[in-house]
Structures are given as structure tokens and as C-alpha cells.
>>> print(open('structure.tsv').read())   # TSV, N, CA and C atoms
chain	number	residue	atom	x	y	z
A	1	MET	N	-12.26	3.27	-2.89
A	1	MET	CA	-11.70	4.21	-1.94
A	1	MET	C	-10.41	4.77	-2.51
A	2	VAL	N	-10.23	6.06	-2.36
A	2	VAL	CA	-9.07	6.75	-2.93
A	2	VAL	C	-7.78	6.30	-2.27
A	3	ILE	N	-7.80	6.11	-0.95
A	3	ILE	CA	-6.58	5.73	-0.24
A	3	ILE	C	-6.12	4.35	-0.65
A	4	SER	N	-7.03	3.40	-0.78
A	4	SER	CA	-6.60	2.05	-1.16
A	4	SER	C	-6.05	2.03	-2.57
A	5	PHE	N	-6.65	2.84	-3.47
A	5	PHE	CA	-6.11	2.91	-4.83
A	5	PHE	C	-4.73	3.56	-4.82
A	6	SER	N	-4.56	4.63	-4.04
A	6	SER	CA	-3.27	5.30	-3.97
A	6	SER	C	-2.21	4.39	-3.36
A	7	LEU	N	-2.59	3.66	-2.33
A	7	LEU	CA	-1.66	2.73	-1.69
A	7	LEU	C	-1.29	1.61	-2.65
A	8	THR	N	-2.26	1.11	-3.38
A	8	THR	CA	-1.99	0.07	-4.36
A	8	THR	C	-1.05	0.57	-5.44
A	9	LEU	N	-1.29	1.78	-5.91
A	9	LEU	CA	-0.42	2.36	-6.92
A	9	LEU	C	0.99	2.56	-6.39
A	10	LEU	N	1.11	3.08	-5.16
A	10	LEU	CA	2.42	3.29	-4.55
A	10	LEU	C	3.17	1.98	-4.39
A	11	LEU	N	2.50	0.96	-3.88
A	11	LEU	CA	3.17	-0.33	-3.69
A	11	LEU	C	3.54	-0.96	-5.03
A	12	GLY	N	2.70	-0.75	-6.05
A	12	GLY	CA	3.02	-1.26	-7.38
A	12	GLY	C	4.25	-0.58	-7.95
A	13	VAL	N	4.35	0.72	-7.77
A	13	VAL	CA	5.52	1.46	-8.27
A	13	VAL	C	6.78	1.02	-7.52
A	14	VAL	N	6.68	0.86	-6.20
A	14	VAL	CA	7.83	0.40	-5.42
A	14	VAL	C	8.26	-0.98	-5.88
A	15	LEU	N	7.30	-1.87	-6.07
A	15	LEU	CA	7.61	-3.23	-6.52
A	15	LEU	C	8.25	-3.21	-7.90
A	16	PHE	N	7.74	-2.34	-8.78
A	16	PHE	CA	8.32	-2.23	-10.12
A	16	PHE	C	9.78	-1.78	-10.05
A	17	PHE	N	10.07	-0.75	-9.27
A	17	PHE	CA	11.44	-0.25	-9.20
A	17	PHE	C	12.37	-1.22	-8.48
A	18	LEU	N	11.85	-1.97	-7.51
A	18	LEU	CA	12.69	-2.99	-6.88
A	18	LEU	C	13.05	-4.08	-7.89
A	19	ALA	N	12.10	-4.46	-8.72
A	19	ALA	CA	12.37	-5.48	-9.73
A	19	ALA	C	13.31	-4.93	-10.79
A	20	ARG	N	13.09	-3.69	-11.17
A	20	ARG	CA	13.92	-3.08	-12.22
A	20	ARG	C	15.37	-2.89	-11.77
A	21	SER	N	15.56	-2.53	-10.49
A	21	SER	CA	16.92	-2.28	-10.00
A	21	SER	C	17.67	-3.56	-9.68
A	22	GLY	N	16.97	-4.68	-9.65
A	22	GLY	CA	17.63	-5.94	-9.37
A	22	GLY	C	17.58	-6.34	-7.91
A	23	ASN	N	16.98	-5.48	-7.06
A	23	ASN	CA	16.85	-5.84	-5.65
A	23	ASN	C	15.87	-6.98	-5.45
A	24	ILE	N	14.94	-7.11	-6.35
A	24	ILE	CA	14.02	-8.24	-6.36
A	24	ILE	C	13.87	-8.67	-7.82
A	25	LYS	N	13.92	-9.93	-8.05
A	25	LYS	CA	13.82	-10.42	-9.42
A	25	LYS	C	12.36	-10.45	-9.86
A	26	TRP	N	12.14	-10.57	-11.16
A	26	TRP	CA	10.78	-10.53	-11.71
A	26	TRP	C	9.94	-11.70	-11.24
A	27	GLY	N	10.54	-12.85	-11.03
A	27	GLY	CA	9.79	-14.02	-10.55
A	27	GLY	C	9.15	-13.77	-9.18
A	28	PRO	N	9.96	-13.37	-8.17
A	28	PRO	CA	9.36	-13.06	-6.87
A	28	PRO	C	8.39	-11.88	-6.92
A	29	ALA	N	8.62	-10.94	-7.81
A	29	ALA	CA	7.69	-9.81	-7.95
A	29	ALA	C	6.33	-10.31	-8.43
A	30	VAL	N	6.32	-11.20	-9.39
A	30	VAL	CA	5.05	-11.76	-9.89
A	30	VAL	C	4.38	-12.57	-8.79
A	31	VAL	N	5.15	-13.32	-8.02
A	31	VAL	CA	4.60	-14.09	-6.91
A	31	VAL	C	3.98	-13.14	-5.88
A	32	ALA	N	4.64	-12.02	-5.60
A	32	ALA	CA	4.10	-11.05	-4.64
A	32	ALA	C	2.79	-10.46	-5.15
A	33	ILE	N	2.71	-10.17	-6.42
A	33	ILE	CA	1.48	-9.62	-7.01
A	33	ILE	C	0.36	-10.66	-6.93
A	34	LEU	N	0.65	-11.89	-7.32
A	34	LEU	CA	-0.36	-12.94	-7.26
A	34	LEU	C	-0.80	-13.23	-5.82
A	35	PHE	N	0.14	-13.16	-4.89
A	35	PHE	CA	-0.20	-13.34	-3.48
A	35	PHE	C	-1.15	-12.23	-3.02
A	36	GLY	N	-0.90	-11.01	-3.44
A	36	GLY	CA	-1.77	-9.90	-3.09
A	36	GLY	C	-3.18	-10.10	-3.61
A	37	PHE	N	-3.29	-10.54	-4.86
A	37	PHE	CA	-4.61	-10.79	-5.43
A	37	PHE	C	-5.32	-11.93	-4.69
A	38	SER	N	-4.61	-12.99	-4.38
A	38	SER	CA	-5.26	-14.10	-3.68
A	38	SER	C	-5.60	-13.73	-2.24
A	39	LEU	N	-4.77	-12.93	-1.60
A	39	LEU	CA	-5.03	-12.49	-0.24
A	39	LEU	C	-6.27	-11.59	-0.19
A	40	ALA	N	-6.49	-10.81	-1.23
A	40	ALA	CA	-7.65	-9.92	-1.27
A	40	ALA	C	-8.96	-10.68	-1.31
A	41	SER	N	-8.95	-11.91	-1.74
A	41	SER	CA	-10.18	-12.68	-1.82
A	41	SER	C	-10.42	-13.56	-0.60
A	42	THR	N	-9.56	-13.47	0.41
A	42	THR	CA	-9.72	-14.28	1.61
A	42	THR	C	-10.38	-13.46	2.72
A	43	GLY	N	-10.59	-14.09	3.83
A	43	GLY	CA	-11.15	-13.41	4.99
A	43	GLY	C	-10.19	-12.44	5.64
A	44	ALA	N	-8.92	-12.52	5.29
A	44	ALA	CA	-7.93	-11.62	5.86
A	44	ALA	C	-7.97	-10.23	5.25
A	45	ALA	N	-8.70	-10.07	4.16
A	45	ALA	CA	-8.74	-8.78	3.47
A	45	ALA	C	-9.37	-7.69	4.33
A	46	ASP	N	-10.46	-8.00	5.02
A	46	ASP	CA	-11.14	-7.00	5.84
A	46	ASP	C	-10.28	-6.50	7.01
A	47	PRO	N	-9.64	-7.38	7.80
A	47	PRO	CA	-8.78	-6.86	8.87
A	47	PRO	C	-7.59	-6.05	8.34
A	48	ILE	N	-7.03	-6.46	7.22
A	48	ILE	CA	-5.92	-5.71	6.64
A	48	ILE	C	-6.40	-4.34	6.18
A	49	ARG	N	-7.56	-4.29	5.54
A	49	ARG	CA	-8.13	-3.02	5.10
A	49	ARG	C	-8.43	-2.12	6.29
A	50	ASP	N	-8.99	-2.69	7.36
A	50	ASP	CA	-9.28	-1.91	8.57
A	50	ASP	C	-8.00	-1.36	9.19
A	51	PHE	N	-6.96	-2.18	9.23
A	51	PHE	CA	-5.68	-1.74	9.78
A	51	PHE	C	-5.10	-0.58	8.97
A	52	LEU	N	-5.13	-0.70	7.65
A	52	LEU	CA	-4.61	0.37	6.80
A	52	LEU	C	-5.45	1.64	6.92
A	53	GLU	N	-6.76	1.49	7.06
A	53	GLU	CA	-7.62	2.66	7.25
A	53	GLU	C	-7.34	3.34	8.58
A	54	SER	N	-7.07	2.56	9.63
A	54	SER	CA	-6.77	3.17	10.92
A	54	SER	C	-5.45	3.93	10.88
A	55	ILE	N	-4.47	3.38	10.16
A	55	ILE	CA	-3.20	4.10	10.00
A	55	ILE	C	-3.44	5.39	9.22
A	56	SER	N	-4.23	5.30	8.16
A	56	SER	CA	-4.52	6.48	7.35
A	56	SER	C	-5.25	7.54	8.17
A	57	ASN	N	-6.21	7.13	8.98
A	57	ASN	CA	-6.93	8.07	9.83
A	57	ASN	C	-6.01	8.70	10.86
A	58	SER	N	-5.08	7.92	11.41
A	58	SER	CA	-4.13	8.44	12.39
A	58	SER	C	-3.22	9.48	11.76
A	59	VAL	N	-2.71	9.19	10.59
A	59	VAL	CA	-1.84	10.13	9.89
A	59	VAL	C	-2.62	11.41	9.55
A	60	SER	N	-3.86	11.24	9.13
A	60	SER	CA	-4.69	12.39	8.80
A	60	SER	C	-4.97	13.24	10.02
A	61	SER	N	-5.24	12.61	11.16
A	61	SER	CA	-5.52	13.39	12.36
A	61	SER	C	-4.26	14.11	12.86
A	62	VAL	N	-3.10	13.50	12.73
A	62	VAL	CA	-1.85	14.16	13.09
A	62	VAL	C	-1.62	15.35	12.16
A	63	ASP	N	-1.86	15.17	10.88
A	63	ASP	CA	-1.70	16.25	9.92
A	63	ASP	C	-2.66	17.40	10.23
A	64	ASP	N	-3.91	17.05	10.56
A	64	ASP	CA	-4.88	18.09	10.90
A	64	ASP	C	-4.48	18.84	12.16
A	65	SER	N	-3.97	18.13	13.15
A	65	SER	CA	-3.58	18.80	14.40
A	65	SER	C	-2.35	19.68	14.18
A	66	ILE	N	-1.45	19.28	13.30
A	66	ILE	CA	-0.28	20.11	13.00
A	66	ILE	C	-0.71	21.36	12.25
A	67	ASN	N	-1.60	21.20	11.28
A	67	ASN	CA	-2.05	22.35	10.49
A	67	ASN	C	-2.92	23.30	11.30
A	68	SER	N	-3.70	22.79	12.25
A	68	SER	CA	-4.58	23.66	13.03
A	68	SER	C	-3.83	24.43	14.12
A	69	SER	N	-2.67	23.93	14.54
A	69	SER	CA	-1.90	24.63	15.58
A	69	SER	C	-0.77	25.45	14.99
A	70	GLY	N	-0.94	25.83	13.74
A	70	GLY	CA	0.10	26.62	13.04
A	70	GLY	C	0.32	27.97	13.67
A	71	PRO	N	1.11	28.83	13.04
A	71	PRO	CA	1.50	30.12	13.62
A	71	PRO	C	0.37	31.06	13.83
>>> encode(input="structure.tsv", output="C-alpha cells")
Amino acid sequence: MVISFSLTLLLGVVLFFLARSGNIKWGPAVVAILFGFSLASTGAADPIRDFLESISNSVSSVDDSINSSGP
């Protein structure tokens, strides 16, 4: 799915810059990445994916309604 890949890329970039700026050290960043991989293989992955898809659909519908009611 394009949205999950984009979200993964965005979160990866944010995590990289947080680690690079010193707001988060490399150790906790690696732990966060490993936690994400392990969380993806559990039963919690589907509800999290559904939640993110519902947010994405909500944002998309708001965007569509704003664009359709233009000038």
C-alpha cells in the first residue's frame, strides 16, 4: 500500500533527524526500529493498520470536500 510505505518513510526520516540532532540517541532509535518490526509481526498490526487507514481516509475525504466546494 502506498500510504503505509509513505508513512513508514516519513517516520523513518523523522526518526533519523531526531537521532542526528541529538534529541534522541542512536540506541533508543534502534530500539524504536526493532520495536516497530516486532510489533508488525504481532496481532496488534491489523488494528494499528486499520486505525491508520481510517485516519488516511478521513484526511482524504476532508481534502476532497475542500476541493469540491472551491470557488
>>> select_by_dssp(input="structure.tsv", residues="region 2-71 of chain A", states="alpha helix (DSSP H)", output="ChimeraX atom specification")
/A:2-21,26-40,45-68
>>> atom_distance(input="structure.tsv", atom1="CA of Ala29 (chain A)", atom2="CA of Gly12 (chain A)")
9.8 Å
>>> atom_distance(input="structure.tsv", atom1="atom N of Pro28 (chain A)", atom2="atom C of Leu15 (chain A)")
10.3 Å
>>> atom_distance(input="structure.tsv", atom1="atom C of Val13 (chain A)", atom2="atom C of Gly43 (chain A)")
25.3 Å
>>> axis_aligned_box(input="structure.tsv", around="region 6-19 of chain A", padding_each_side="4 Å", output="lines of an AutoDock Vina configuration file")
center_x = 4.4
center_y = -0.1
center_z = -6.2
size_x = 25.9
size_y = 18.8
size_z = 17.1
>>> closest_residue(input="structure.tsv", among="A:Asp63, A:Thr8, A:Asp46, A:Ser68", to="Ile33 (chain A)", atoms="only C-alpha atoms")
A:Thr8
>>> build_atoms(input="structure.tsv", residues="region 25-36 of chain A", atoms="all heavy atoms", output="short mmCIF file (atom, residue, chain, number, x, y, z; two decimals), in the coordinates of the input")
data_model
loop_
_atom_site.label_atom_id
_atom_site.label_comp_id
_atom_site.auth_asym_id
_atom_site.auth_seq_id
_atom_site.Cartn_x
_atom_site.Cartn_y
_atom_site.Cartn_z
N LYS A 25 13.92 -9.93 -8.05
CA LYS A 25 13.82 -10.42 -9.42
C LYS A 25 12.36 -10.45 -9.86
O LYS A 25 11.44 -10.36 -9.06
CB LYS A 25 14.42 -11.83 -9.52
CG LYS A 25 15.88 -11.88 -9.13
CD LYS A 25 16.72 -11.07 -10.07
CE LYS A 25 18.18 -11.16 -9.66
NZ LYS A 25 18.98 -10.12 -10.25
N TRP A 26 12.14 -10.57 -11.16
CA TRP A 26 10.78 -10.53 -11.71
C TRP A 26 9.94 -11.70 -11.24
O TRP A 26 8.74 -11.56 -11.03
CB TRP A 26 10.81 -10.47 -13.24
CG TRP A 26 11.21 -9.11 -13.71
CD1 TRP A 26 12.42 -8.74 -14.23
CD2 TRP A 26 10.42 -7.93 -13.70
NE1 TRP A 26 12.44 -7.42 -14.52
CE2 TRP A 26 11.21 -6.88 -14.22
CE3 TRP A 26 9.13 -7.64 -13.29
CZ2 TRP A 26 10.74 -5.58 -14.34
CZ3 TRP A 26 8.67 -6.33 -13.42
CH2 TRP A 26 9.47 -5.33 -13.94
N GLY A 27 10.54 -12.85 -11.03
CA GLY A 27 9.79 -14.02 -10.55
C GLY A 27 9.15 -13.77 -9.18
O GLY A 27 7.94 -13.92 -9.02
N PRO A 28 9.96 -13.37 -8.17
CA PRO A 28 9.36 -13.06 -6.87
C PRO A 28 8.39 -11.88 -6.92
O PRO A 28 7.42 -11.86 -6.16
CB PRO A 28 10.57 -12.72 -5.99
CG PRO A 28 11.70 -13.45 -6.62
CD PRO A 28 11.42 -13.44 -8.09
N ALA A 29 8.62 -10.94 -7.81
CA ALA A 29 7.69 -9.81 -7.95
C ALA A 29 6.33 -10.31 -8.43
O ALA A 29 5.29 -9.88 -7.91
CB ALA A 29 8.24 -8.76 -8.90
N VAL A 30 6.32 -11.20 -9.39
CA VAL A 30 5.05 -11.76 -9.89
C VAL A 30 4.38 -12.57 -8.79
O VAL A 30 3.15 -12.49 -8.61
CB VAL A 30 5.31 -12.61 -11.16
CG1 VAL A 30 4.08 -13.39 -11.54
CG2 VAL A 30 5.76 -11.72 -12.31
N VAL A 31 5.15 -13.32 -8.02
CA VAL A 31 4.60 -14.09 -6.91
C VAL A 31 3.98 -13.14 -5.88
O VAL A 31 2.89 -13.40 -5.36
CB VAL A 31 5.67 -14.99 -6.27
CG1 VAL A 31 5.18 -15.60 -4.97
CG2 VAL A 31 6.09 -16.08 -7.24
N ALA A 32 4.64 -12.02 -5.60
CA ALA A 32 4.10 -11.05 -4.64
C ALA A 32 2.79 -10.46 -5.15
O ALA A 32 1.84 -10.28 -4.38
CB ALA A 32 5.11 -9.94 -4.40
N ILE A 33 2.71 -10.17 -6.42
CA ILE A 33 1.48 -9.62 -7.01
C ILE A 33 0.36 -10.66 -6.93
O ILE A 33 -0.77 -10.35 -6.52
CB ILE A 33 1.72 -9.18 -8.46
CG1 ILE A 33 2.63 -7.95 -8.48
CG2 ILE A 33 0.41 -8.88 -9.18
CD1 ILE A 33 3.15 -7.60 -9.85
N LEU A 34 0.65 -11.89 -7.32
CA LEU A 34 -0.36 -12.94 -7.26
C LEU A 34 -0.80 -13.23 -5.82
O LEU A 34 -1.98 -13.48 -5.56
CB LEU A 34 0.16 -14.21 -7.93
CG LEU A 34 0.38 -14.10 -9.43
CD1 LEU A 34 1.01 -15.39 -9.96
CD2 LEU A 34 -0.92 -13.79 -10.15
N PHE A 35 0.14 -13.16 -4.89
CA PHE A 35 -0.20 -13.34 -3.48
C PHE A 35 -1.15 -12.23 -3.02
O PHE A 35 -2.10 -12.49 -2.29
CB PHE A 35 1.06 -13.35 -2.62
CG PHE A 35 0.78 -13.41 -1.15
CD1 PHE A 35 0.30 -14.58 -0.58
CD2 PHE A 35 0.98 -12.32 -0.34
CE1 PHE A 35 0.02 -14.65 0.77
CE2 PHE A 35 0.70 -12.37 1.01
CZ PHE A 35 0.23 -13.55 1.56
N GLY A 36 -0.90 -11.01 -3.44
CA GLY A 36 -1.77 -9.90 -3.09
C GLY A 36 -3.18 -10.10 -3.61
O GLY A 36 -4.16 -9.84 -2.91
#
